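See structure below.
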Amino acid sequence: MAPYLIRNLVPRRQARDANQKPLVQVLGSLTWLQWAQFFTGWLAWSCDAIDFFNVSLSITRLQAQFHQPNPASITTAITLTLLVRSIGAVLFGVLSDRFGRKWPLVANLLLCSTVQLGTSFVQTFRQFLVVRSLFGIAMGGVWGLASSTALENLPVEARGLASGVLQQGYAVGYLISAILNLYLVPRTRHAWRALFWTTSVLSAFAAMIRALIPESEVFLRARAQERAHGGRNTGKKTKVFIHQVGAMLRVHWALCVYAILLMAGFNFLSHGSQDLYPTYLKKSKGFDDYHAIVATIIGNCGAITGGAIAGSVSQHIGRRLTIILFVMLSGAFIPLWILPSGFKTLAAGAFAVQFGVQGAWGVIPIQLAEMSPPGFRATFPGVAYQLGNMISSASAQIEAMGGDHLKTTIIKNGKRIVVPDYATVQGILLGTIATFVICITIIGPENHGSHFEQQKTAFEDGGLANKAQLHAAADEEELSGATDKRLEEINEKL
């Protein structure tokens with residue numbers, strides 16, 4: 001018999017609803033509103049990613065613009081952005097779980113748009129660092145709000161695929177940023193500044209689209225129930241919400257720590273394989289800007305494909321098992337990522353590694369949503385994600401500094417030159433982190449197929465308890481046949 005840890009990776013039978021419909025049938029039954037709410041979440045996350053990768057793809061130009069001695073100086077901006085994202089995750093996550101998904105996301109996107117516009121007008125490196133730190137706060141709020149908006153309005157059967165497609169809005173943003181770098185930047189005298197003007201417009205457009213789409217059904221239902229029971233003033237709702245936050249932290253502190261560690265590993269894996277990748281190709285492999293960006297585009301095509309496939313697969317074999325298989329796949333292709341010198345083989349390595357890395361990432365939105373304490377599907381995933389980002393924030397600098405100390409030689413223009421050995425540095429980092437992610441995923445929880453849309457919001461009494469908890473409490477009191485009224489009483493106790 002297989003060890004318990006391995007057997008436990010397969011979702012429990014009760015978690016896999018026997019009445020689930022075929023995916024094609026479910027997708028065909030979605031309303032325009034469900035499609036629209038999913039699209040707004042995906043669009044918000046894509047716009048966020050475009051701006052973030054504008055810096056990664058412009059390191060050489062920014063280094064020249066601000067007269068910095070090496071790439072490590074510019075990657076300080078990436079580190080600062082990642083460090084402060086948890087602030088935005090807490091701020092906008094709490095606002096979203098308290099007041100609803102719509103207007104906090106609109107405000108968040110407008111703030112992103114404003115800071116993106118400000119980035120394009122900076123004149124000194126210090127100004128650049130300050131503005132990128134402000135963007136980090138704005139960016140930190142988007143993911144939790146986007147994922148909750150996109151997933152909680154969809155049927156359970158569609159959430160695996162939706163999770164993969166949603167998360168790869170990140171890869172789509174990277175892809176769009178790479179295309180803009182390839183075709184827009186060389187054709188304008190404003191160079192890298194044009195990237196941020198474009199992104200500012202896109203974020204404002206995403207905010208406008210979200211403003212036109214109605215609020216999430218979960219919050220509309222909660223407000224309707226409040227009105228039906230005589231209503232409750234804002235102060236009372238806020239008091240309940242604060243109480244629920246405290247209760248959530250007391251009850252689920254271990255889950256919070258686990259989620260942060262999981263996301264630290266995942267963020268090291270993604271940022272370690274993406275942020276310095278164009279610089280690695282140019283510095284360590286001798287590629288020009290064009291071929292470095294084309295290889296990046298190919299890698300992101302692998303990421304988009306992997307995310308959609310992994311999300312769908314996770315609906316059948318479970319979230320954790322899918323993550324483990326795709327991370328193992330990415331690890332198997334690390335040699336193809338770092339050893340070749342030719343464009344075609346390195347591009348193939350980029351496709352394969354990103355297929356695995358971002359395939360595993362495609363499961364994360366639904367895994368965190370199903371894992372989240374009831375009522376906190378914006379705050380819990382968003383804060384866990386961004387605190388993990390904070391822990392991994394120095395990944396690009398670690399690689400840049402590693403390249404400064406570890407050298408290799410290449411032949412360029414008929415001459416042998418000494419260059420940073422980013423290939424070895426990235427290979428060591430990715431292999432180590434992949435092992436960590438596999439181990440922590442094996443020991444973690446999974447709530448596969450959770451109907452979290454049926455749970456209460458955080459500003460309702462008993463919003464921290466889900467139906468499984470209620471029936472467990474009822475069983476303890478020998479009330480397995482408890483009425484809805486009795487379940488409500490137990491709910492309030494929890």
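Here, A, B, ... name the chains of the structure tokens in the order displayed, residue numbers run from 1 inside each chain, and ligands are numbered from 1 in the same displayed order.
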
Please identify all polymer residues within 8 Å of Leu109 of chain A, counting only C-alpha atoms, omitting same-chain residues fewer than 5 positions from it, and present them as a CSV table (one decimal) with N, CA, C and O atoms, in the first residue's frame.
chain,number,residue,atom,x,y,z
A,44,ALA,N,-7.8,42.6,-14.9
A,44,ALA,CA,-7.1,43.3,-13.8
A,44,ALA,C,-5.7,42.7,-13.6
A,44,ALA,O,-4.7,43.4,-13.5
A,138,ALA,N,0.0,49.3,-4.6
A,138,ALA,CA,-1.2,49.2,-5.5
A,138,ALA,C,-1.3,47.8,-6.1
A,138,ALA,O,-2.4,47.2,-6.1
A,142,VAL,N,-4.3,43.7,-6.1
A,142,VAL,CA,-5.1,43.3,-7.3
A,142,VAL,C,-5.3,41.8,-7.3
A,142,VAL,O,-6.4,41.4,-7.5
A,203,SER,N,-4.8,50.0,-17.5
A,203,SER,CA,-5.3,49.8,-16.2
A,203,SER,C,-6.6,50.7,-15.9
A,203,SER,O,-7.5,50.2,-15.3
A,204,ALA,N,-6.6,51.9,-16.5
A,204,ALA,CA,-7.8,52.7,-16.4
A,204,ALA,C,-8.9,52.1,-17.1
A,204,ALA,O,-10.1,52.1,-16.7
A,206,ALA,N,-9.4,48.8,-17.6
A,206,ALA,CA,-9.8,47.7,-16.8
A,206,ALA,C,-10.7,48.2,-15.6
A,206,ALA,O,-11.7,47.6,-15.3
A,207,ALA,N,-10.4,49.3,-15.0
A,207,ALA,CA,-11.2,49.9,-13.9
A,207,ALA,C,-12.5,50.3,-14.5
A,207,ALA,O,-13.6,50.1,-13.8

Could you make a table, as CSV, of the residues of segment 39-136 of chain A that have an atom within 12 Å of an atom of segment 293-314 of chain A, each with its nearest atom pair and distance in Å to one decimal, counting only C-alpha atoms, in chain and number order?
residue,atom,partner,partner_atom,distance
A:Ser46,CA,A:Ile304,CA,11.9
A:Phe53,CA,A:Thr296,CA,11.1
A:Asn54,CA,A:Ile293,CA,11.9
A:Ser56,CA,A:Ile293,CA,11.0
A:Leu57,CA,A:Ile293,CA,7.9
A:Ser58,CA,A:Ile293,CA,10.5

Per residue of segment 171-238 of chain A within 8 Å of segment 84-104 of chain A, which atom pair is closest and at what distance in Å (one decimal), using only C-alpha atoms, listed by chain and increasing number, as a Markdown table?
| residue | atom | partner | partner_atom | distance |
| --- | --- | --- | --- | --- |
| A:Arg210 | CA | A:Lys102 | CA | 6.7 |
| A:Ala211 | CA | A:Lys102 | CA | 6.9 |
| A:Ile213 | CA | A:Lys102 | CA | 8.0 |
| A:Pro214 | CA | A:Lys102 | CA | 7.3 |
| A:Glu215 | CA | A:Lys102 | CA | 5.4 |
| A:Ser216 | CA | A:Arg101 | CA | 6.3 |
| A:Phe219 | CA | A:Gly100 | CA | 6.0 |
| A:Thr238 | CA | A:Arg98 | CA | 7.4 |

Could you list, as a ChimeraX atom specification, every residue within 10 Å of Ser177 of chain A, counting only C-alpha atoms and ignoring same-chain residues fewer than 2 positions away?
/A:47,49-58,171-175,179-182,184,195-196,198-199,293,297

To one decimal place, how far is atom CA of Gln116 of chain A from atom CA of Val130 of chain A in Å?
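Distance reported for this atom pair: 12.1 Å.
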
Can you tell me how far atom CA of Gln315 of chain A sits from atom CA of Gln25 of chain A, in Å to one decimal?
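Pair atom CA of Gln315 of chain A / atom CA of Gln25 of chain A returns 15.1 Å.
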
Could you write out, as a ChimeraX atom specification, all the residues of segment 150-384 of chain A that DSSP marks as helix (DSSP H, G or I)?
/A:150-151,156-167,169-183,185-187,193-212,217-228,234-251,253-274,277-284,289-317,319-332,334-338,343-361,364-371,379-384

Atomic distance atom CA of Glu370 of chain A - atom CA of Ser147 of chain A, expressed in Å with one decimal:
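Atom CA of Glu370 of chain A sits 11.7 Å away from atom CA of Ser147 of chain A.
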
For segment 252-261 of chain A, find every residue with an atom within 7 Å (counting only C-alpha atoms), except residues of its own chain fewer than 6 positions away, and show them as an MDAnalysis selection string.
chainID A and resid 384:385 387:388

Keeping only N, CA and C atoms, write the selected residues to a file as an mmCIF file, in the first residue's frame.
data_model
loop_
_atom_site.group_PDB
_atom_site.id
_atom_site.type_symbol
_atom_site.label_atom_id
_atom_site.label_comp_id
_atom_site.auth_asym_id
_atom_site.auth_seq_id
_atom_site.Cartn_x
_atom_site.Cartn_y
_atom_site.Cartn_z
ATOM 1 N N ALA A 384 -1.478 36.109 1.881
ATOM 2 C CA ALA A 384 -0.539 34.979 1.822
ATOM 3 C C ALA A 384 0.357 35.091 0.586
ATOM 4 N N TYR A 385 -0.264 35.397 -0.538
ATOM 5 C CA TYR A 385 0.474 35.565 -1.800
ATOM 6 C C TYR A 385 1.545 36.651 -1.653
ATOM 7 N N LEU A 387 2.774 38.199 1.121
ATOM 8 C CA LEU A 387 3.809 37.960 2.130
ATOM 9 C C LEU A 387 4.831 36.953 1.597
ATOM 10 N N GLY A 388 4.343 35.992 0.819
ATOM 11 C CA GLY A 388 5.268 35.093 0.133
ATOM 12 C C GLY A 388 6.146 35.855 -0.842
#

Contacts of Ile440 of chain A at 12 Å (only C-alpha atoms; same-chain gap of 5+ positions) as a list of chain:residue names
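So, after excluding close chain neighbours, the residues are A:Leu5, A:Val257, A:Tyr258, A:Ala259, A:Ile260, A:Leu261, A:Leu262, A:Met263, A:Ala264, A:Gly265, A:Phe266, A:Arg320, A:Leu321, A:Ile323, A:Ile324, A:Ile433, A:Ala434, A:Thr435, A:Pro445.
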
Write the residues of the selection above to a file with C-alpha atoms, as a PDB file, in the first residue's frame.
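Resulting contents of selection05.pdb:
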ATOM      1  CA  LEU A   5       1.311  11.120   2.334  1.00  0.00           C
ATOM      2  CA  VAL A 257       1.691  30.333   8.245  1.00  0.00           C
ATOM      3  CA  TYR A 258       1.495  27.356   5.894  1.00  0.00           C
ATOM      4  CA  ALA A 259      -0.005  29.426   3.060  1.00  0.00           C
ATOM      5  CA  ILE A 260       2.711  32.080   3.428  1.00  0.00           C
ATOM      6  CA  LEU A 261       5.479  29.453   3.236  1.00  0.00           C
ATOM      7  CA  LEU A 262       3.810  27.828   0.224  1.00  0.00           C
ATOM      8  CA  MET A 263       3.581  31.149  -1.575  1.00  0.00           C
ATOM      9  CA  ALA A 264       7.164  32.052  -0.674  1.00  0.00           C
ATOM     10  CA  GLY A 265       8.276  28.915  -2.489  1.00  0.00           C
ATOM     11  CA  PHE A 266       6.039  29.580  -5.472  1.00  0.00           C
ATOM     12  CA  ARG A 320      -1.749  19.215  -4.760  1.00  0.00           C
ATOM     13  CA  LEU A 321      -0.985  16.236  -6.988  1.00  0.00           C
ATOM     14  CA  ILE A 323       1.149  21.018  -8.483  1.00  0.00           C
ATOM     15  CA  ILE A 324       3.688  18.324  -7.646  1.00  0.00           C
ATOM     16  CA  ILE A 433      13.102  25.891  -4.698  1.00  0.00           C
ATOM     17  CA  ALA A 434      11.365  23.208  -6.779  1.00  0.00           C
ATOM     18  CA  THR A 435      12.333  20.625  -4.135  1.00  0.00           C
ATOM     19  CA  PRO A 445      -4.195  20.672   3.211  1.00  0.00           C
TER      20      PRO A 445
END
